[in-house]
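Okay, structure first, notes after.
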Amino acid sequence: MKTRPFLIFDLDGTISDPAVGIERSINYALQHYGYPTISENEVPQFIGPPLDISFGAITGNSAPERIANLMAKYRERYAAIGYSENTLYEGIPEALNALASAGVPIGLCTSKPVNFAENILRLFGLREHFHFLNGGGIGIHKKQQLAELLSSGSICEASIMIGDRAVDIEAARANGLGAIGVLWGHGSIEELQTAGPNKLLKSPNQLNELRYVV
């Protein structure tokens with residue numbers, strides 16, 4: 001059976017705002033290894049890109065062992081409490097429910113490990129809406145994740161990636177997928193427009209319009 005087109009959602013900055021948990025977990029790891037902590041204003045740039053890249057940028061040290069240690073310490077706190085410090089964007093539950101009720105297939109592709117994504121979606125009672133969850137890992141970028149979903153037949157080329165950062169749009173473009181940027185997350189309108197989405201959405205209630213796209 002041919003796979004129907006999916007709406008593939010990013011998680012951080014698209015479904016929920018993870019800024020508090022990410023800031024506290026990054027600083028937990030940095031403090032443990034003797035690095036200066038980051039401020040609240042610095043956090044948005046590190047929401048979206050893979051965590052290994054973020055730690056390399058923050059510390060100026062990209063040695064694999066050091067990055068792996070920082071990530072392990074980060075995940076120690078994030079697994080215990082950081083995931084629960086997410087804030088759901090207003091209108092997201094209603095939008096996802098409307099899409100699911102209309103029979104639109106929905107999936108998730110995040111740079112986070114899949115167990116963290118599972119915990120966050122269950123925290124907000126949203127897990128049932130998603131046909132699949134795809135998570136990342138060290139050295140695995142979102143364009144590779146989408147490529148694997150395509151090659152495995154989990155999604156088809158008519159699927160659309162939805163996210164708040166350029167990395168989401170660029171990953172979709174690299175795989176020949178449609179791309180929609182959202183403006184309620186952590187990416188600026190300039191960043192998203194430069195990446196070249198098919199469309200930009202200003203609020204979650206506009207997600208319901210996508211039932212007519214796939």
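Letters A, B, ... mark the chains of the structure tokens in the order given; residue numbers begin at 1 per chain; ligand numbers begin at 1, in order shown.
Using only C-alpha atoms, the residues found no farther than 12 Å from A:Asn175, other than those of its own chain fewer than 4 positions away, are Lys142, Lys143, Gln144, Gln145, Leu146, Ala147, Glu148, Leu149, Leu150, Ser151, Ile155, Cys156, Glu157, Ala158, Ser159, Ile160, Met161, Asp168, Ile169, Glu170, Ala171 and Ala179 of chain A.
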With N, CA and C atoms retained, export the selected residues as a PDB file, in the first residue's frame.
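Below you can see result_4.pdb, which holds the result:
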ATOM      1  N   LYS A 142      18.848  16.144  11.187  1.00  0.00           N
ATOM      2  CA  LYS A 142      17.456  15.967  10.793  1.00  0.00           C
ATOM      3  C   LYS A 142      17.303  15.573   9.322  1.00  0.00           C
ATOM      4  N   LYS A 143      18.193  16.065   8.476  1.00  0.00           N
ATOM      5  CA  LYS A 143      18.070  15.663   7.067  1.00  0.00           C
ATOM      6  C   LYS A 143      18.330  14.165   6.891  1.00  0.00           C
ATOM      7  N   GLN A 144      19.187  13.613   7.741  1.00  0.00           N
ATOM      8  CA  GLN A 144      19.423  12.169   7.707  1.00  0.00           C
ATOM      9  C   GLN A 144      18.214  11.405   8.242  1.00  0.00           C
ATOM     10  N   GLN A 145      17.582  11.950   9.261  1.00  0.00           N
ATOM     11  CA  GLN A 145      16.396  11.319   9.822  1.00  0.00           C
ATOM     12  C   GLN A 145      15.270  11.252   8.787  1.00  0.00           C
ATOM     13  N   LEU A 146      15.057  12.365   8.079  1.00  0.00           N
ATOM     14  CA  LEU A 146      14.015  12.381   7.049  1.00  0.00           C
ATOM     15  C   LEU A 146      14.370  11.443   5.902  1.00  0.00           C
ATOM     16  N   ALA A 147      15.646  11.385   5.546  1.00  0.00           N
ATOM     17  CA  ALA A 147      16.084  10.480   4.474  1.00  0.00           C
ATOM     18  C   ALA A 147      15.786   9.033   4.845  1.00  0.00           C
ATOM     19  N   GLU A 148      16.001   8.679   6.105  1.00  0.00           N
ATOM     20  CA  GLU A 148      15.733   7.316   6.556  1.00  0.00           C
ATOM     21  C   GLU A 148      14.236   7.020   6.546  1.00  0.00           C
ATOM     22  N   LEU A 149      13.429   7.982   6.931  1.00  0.00           N
ATOM     23  CA  LEU A 149      11.982   7.791   6.892  1.00  0.00           C
ATOM     24  C   LEU A 149      11.504   7.565   5.457  1.00  0.00           C
ATOM     25  N   LEU A 150      12.104   8.288   4.523  1.00  0.00           N
ATOM     26  CA  LEU A 150      11.762   8.095   3.116  1.00  0.00           C
ATOM     27  C   LEU A 150      12.209   6.736   2.603  1.00  0.00           C
ATOM     28  N   SER A 151      13.443   6.370   2.890  1.00  0.00           N
ATOM     29  CA  SER A 151      13.989   5.114   2.360  1.00  0.00           C
ATOM     30  C   SER A 151      13.290   3.896   2.947  1.00  0.00           C
ATOM     31  N   ILE A 155       7.340   7.434   5.130  1.00  0.00           N
ATOM     32  CA  ILE A 155       6.703   8.625   4.570  1.00  0.00           C
ATOM     33  C   ILE A 155       6.942   8.626   3.070  1.00  0.00           C
ATOM     34  N   CYS A 156       6.172   9.438   2.355  1.00  0.00           N
ATOM     35  CA  CYS A 156       6.376   9.577   0.910  1.00  0.00           C
ATOM     36  C   CYS A 156       6.852  10.993   0.593  1.00  0.00           C
ATOM     37  N   GLU A 157       7.205  11.217  -0.661  1.00  0.00           N
ATOM     38  CA  GLU A 157       7.785  12.494  -1.078  1.00  0.00           C
ATOM     39  C   GLU A 157       6.800  13.655  -1.007  1.00  0.00           C
ATOM     40  N   ALA A 158       5.514  13.356  -0.900  1.00  0.00           N
ATOM     41  CA  ALA A 158       4.515  14.427  -0.808  1.00  0.00           C
ATOM     42  C   ALA A 158       4.294  14.892   0.626  1.00  0.00           C
ATOM     43  N   SER A 159       5.051  14.339   1.565  1.00  0.00           N
ATOM     44  CA  SER A 159       4.916  14.728   2.969  1.00  0.00           C
ATOM     45  C   SER A 159       5.495  16.120   3.204  1.00  0.00           C
ATOM     46  N   ILE A 160       5.118  16.723   4.339  1.00  0.00           N
ATOM     47  CA  ILE A 160       5.510  18.098   4.651  1.00  0.00           C
ATOM     48  C   ILE A 160       6.119  18.155   6.047  1.00  0.00           C
ATOM     49  N   MET A 161       7.277  18.798   6.160  1.00  0.00           N
ATOM     50  CA  MET A 161       7.927  19.021   7.443  1.00  0.00           C
ATOM     51  C   MET A 161       7.500  20.374   7.978  1.00  0.00           C
ATOM     52  N   ASP A 168      14.885  22.754  10.148  1.00  0.00           N
ATOM     53  CA  ASP A 168      13.716  21.962   9.750  1.00  0.00           C
ATOM     54  C   ASP A 168      13.409  22.144   8.271  1.00  0.00           C
ATOM     55  N   ILE A 169      13.456  23.392   7.832  1.00  0.00           N
ATOM     56  CA  ILE A 169      13.157  23.703   6.428  1.00  0.00           C
ATOM     57  C   ILE A 169      14.240  23.134   5.518  1.00  0.00           C
ATOM     58  N   GLU A 170      15.487  23.306   5.907  1.00  0.00           N
ATOM     59  CA  GLU A 170      16.605  22.828   5.091  1.00  0.00           C
ATOM     60  C   GLU A 170      16.619  21.309   5.004  1.00  0.00           C
ATOM     61  N   ALA A 171      16.278  20.636   6.092  1.00  0.00           N
ATOM     62  CA  ALA A 171      16.222  19.167   6.073  1.00  0.00           C
ATOM     63  C   ALA A 171      15.140  18.678   5.123  1.00  0.00           C
ATOM     64  N   ALA A 179       7.873  22.111   2.994  1.00  0.00           N
ATOM     65  CA  ALA A 179       8.372  22.679   4.239  1.00  0.00           C
ATOM     66  C   ALA A 179       7.514  23.866   4.650  1.00  0.00           C
TER      67      ALA A 179
END
Strand (DSSP E) positions in stretch 72-119 of chain A, given as number ranges by chain = A: 87-88, 106-109
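Computed from the coordinates, the atom CA of A:Arg211 to atom CA of A:Pro113 distance equals 28.0 Å.
Atom CA of A:Ile189 lies 24.0 Å from atom CA of A:Ile38.
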Do you know which residues are at most 12 Å from A:Ala98 counting only C-alpha atoms, after dropping those on the same chain fewer than 5 positions away, and could you put them as a ChimeraX atom specification?
-> /A:91-93,103-106,129,204-211
The selected residues should be written to file as a short mmCIF file (atom, residue, chain, number, x, y, z; two decimals), in the first residue's frame (atoms: C-alpha atoms).
data_model
loop_
_atom_site.label_atom_id
_atom_site.label_comp_id
_atom_site.auth_asym_id
_atom_site.auth_seq_id
_atom_site.Cartn_x
_atom_site.Cartn_y
_atom_site.Cartn_z
CA GLY A 91 -3.79 26.19 20.44
CA ILE A 92 -1.57 23.18 19.70
CA PRO A 93 -3.81 20.52 21.32
CA GLY A 103 -7.81 11.66 9.23
CA VAL A 104 -4.57 13.49 8.45
CA PRO A 105 -1.54 11.26 9.21
CA ILE A 106 0.79 12.99 11.68
CA HIS A 129 -2.13 11.78 17.59
CA PRO A 204 -1.17 27.32 15.75
CA ASN A 205 -4.79 27.70 14.69
CA GLN A 206 -3.55 27.99 11.09
CA LEU A 207 -2.32 24.38 11.29
CA ASN A 208 -5.90 23.26 10.72
CA GLU A 209 -5.65 24.63 7.17
CA LEU A 210 -3.08 21.95 6.37
CA ARG A 211 -5.74 19.27 6.24
#
Which of stretch 5-213 of chain A counts as helix (DSSP H, G or I) under DSSP, as an NGL selection string please?
-> :A and (19-32 or 40-46 or 51-59 or 64-80 or 82-85 or 92-101 or 114-123 or 127-129 or 142-151 or 166-174 or 189-195 or 204-212)
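What separates atom CA of A:Gly107 from atom CA of A:Gly13 is a distance of 15.8 Å.
The shortest atom-to-atom distance to A:Leu30, with only C-alpha atoms taken into account, belongs to A:Phe55 out of A:Tyr78, A:Phe124, A:Phe132, A:Phe55.
Take the candidates A:Gly82, A:Gly136, A:Pro49, A:Gly196 and check each one against A:Pro18 using only C-alpha atoms; the shortest distance goes to A:Gly82.
Compared by their closest atoms to A:Val182, and using only C-alpha atoms, the residues A:Ser203, A:Thr59, A:Thr194, A:Ser16 rank with A:Ser203 nearest.
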With a distance cut-off of 9 Å and only C-alpha atoms, select the neighbouring residues of A:Gly187, excluding the residue or stretch itself and same-chain residues fewer than 4 positions from it, and output the selection as a short mmCIF file (atom, residue, chain, number, x, y, z; two decimals) with C-alpha atoms, in the first residue's frame.
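Result file is selection10.cif:
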data_model
loop_
_atom_site.label_atom_id
_atom_site.label_comp_id
_atom_site.auth_asym_id
_atom_site.auth_seq_id
_atom_site.Cartn_x
_atom_site.Cartn_y
_atom_site.Cartn_z
CA GLY A 13 9.60 25.38 19.38
CA PRO A 44 16.99 30.23 21.82
CA GLN A 45 19.95 29.75 19.45
CA ILE A 47 16.90 25.14 20.54
CA GLY A 48 16.56 23.18 17.32
CA GLY A 163 9.14 23.48 12.18
CA ASP A 164 10.30 26.74 13.71
CA ARG A 165 13.98 26.72 12.68
CA ALA A 166 15.93 26.83 9.44
CA GLY A 181 7.78 27.37 8.96
CA VAL A 182 6.02 28.44 12.16
CA LEU A 183 6.54 31.83 13.75
CA GLU A 191 15.93 32.86 9.41
CA LEU A 192 12.91 30.96 8.14
#
Within 6 Å of stretch 23-29 of chain A using only C-alpha atoms, minus same-chain residues under 5 positions, as a ChimeraX atom specification | /A:37,70,73-74,77-78
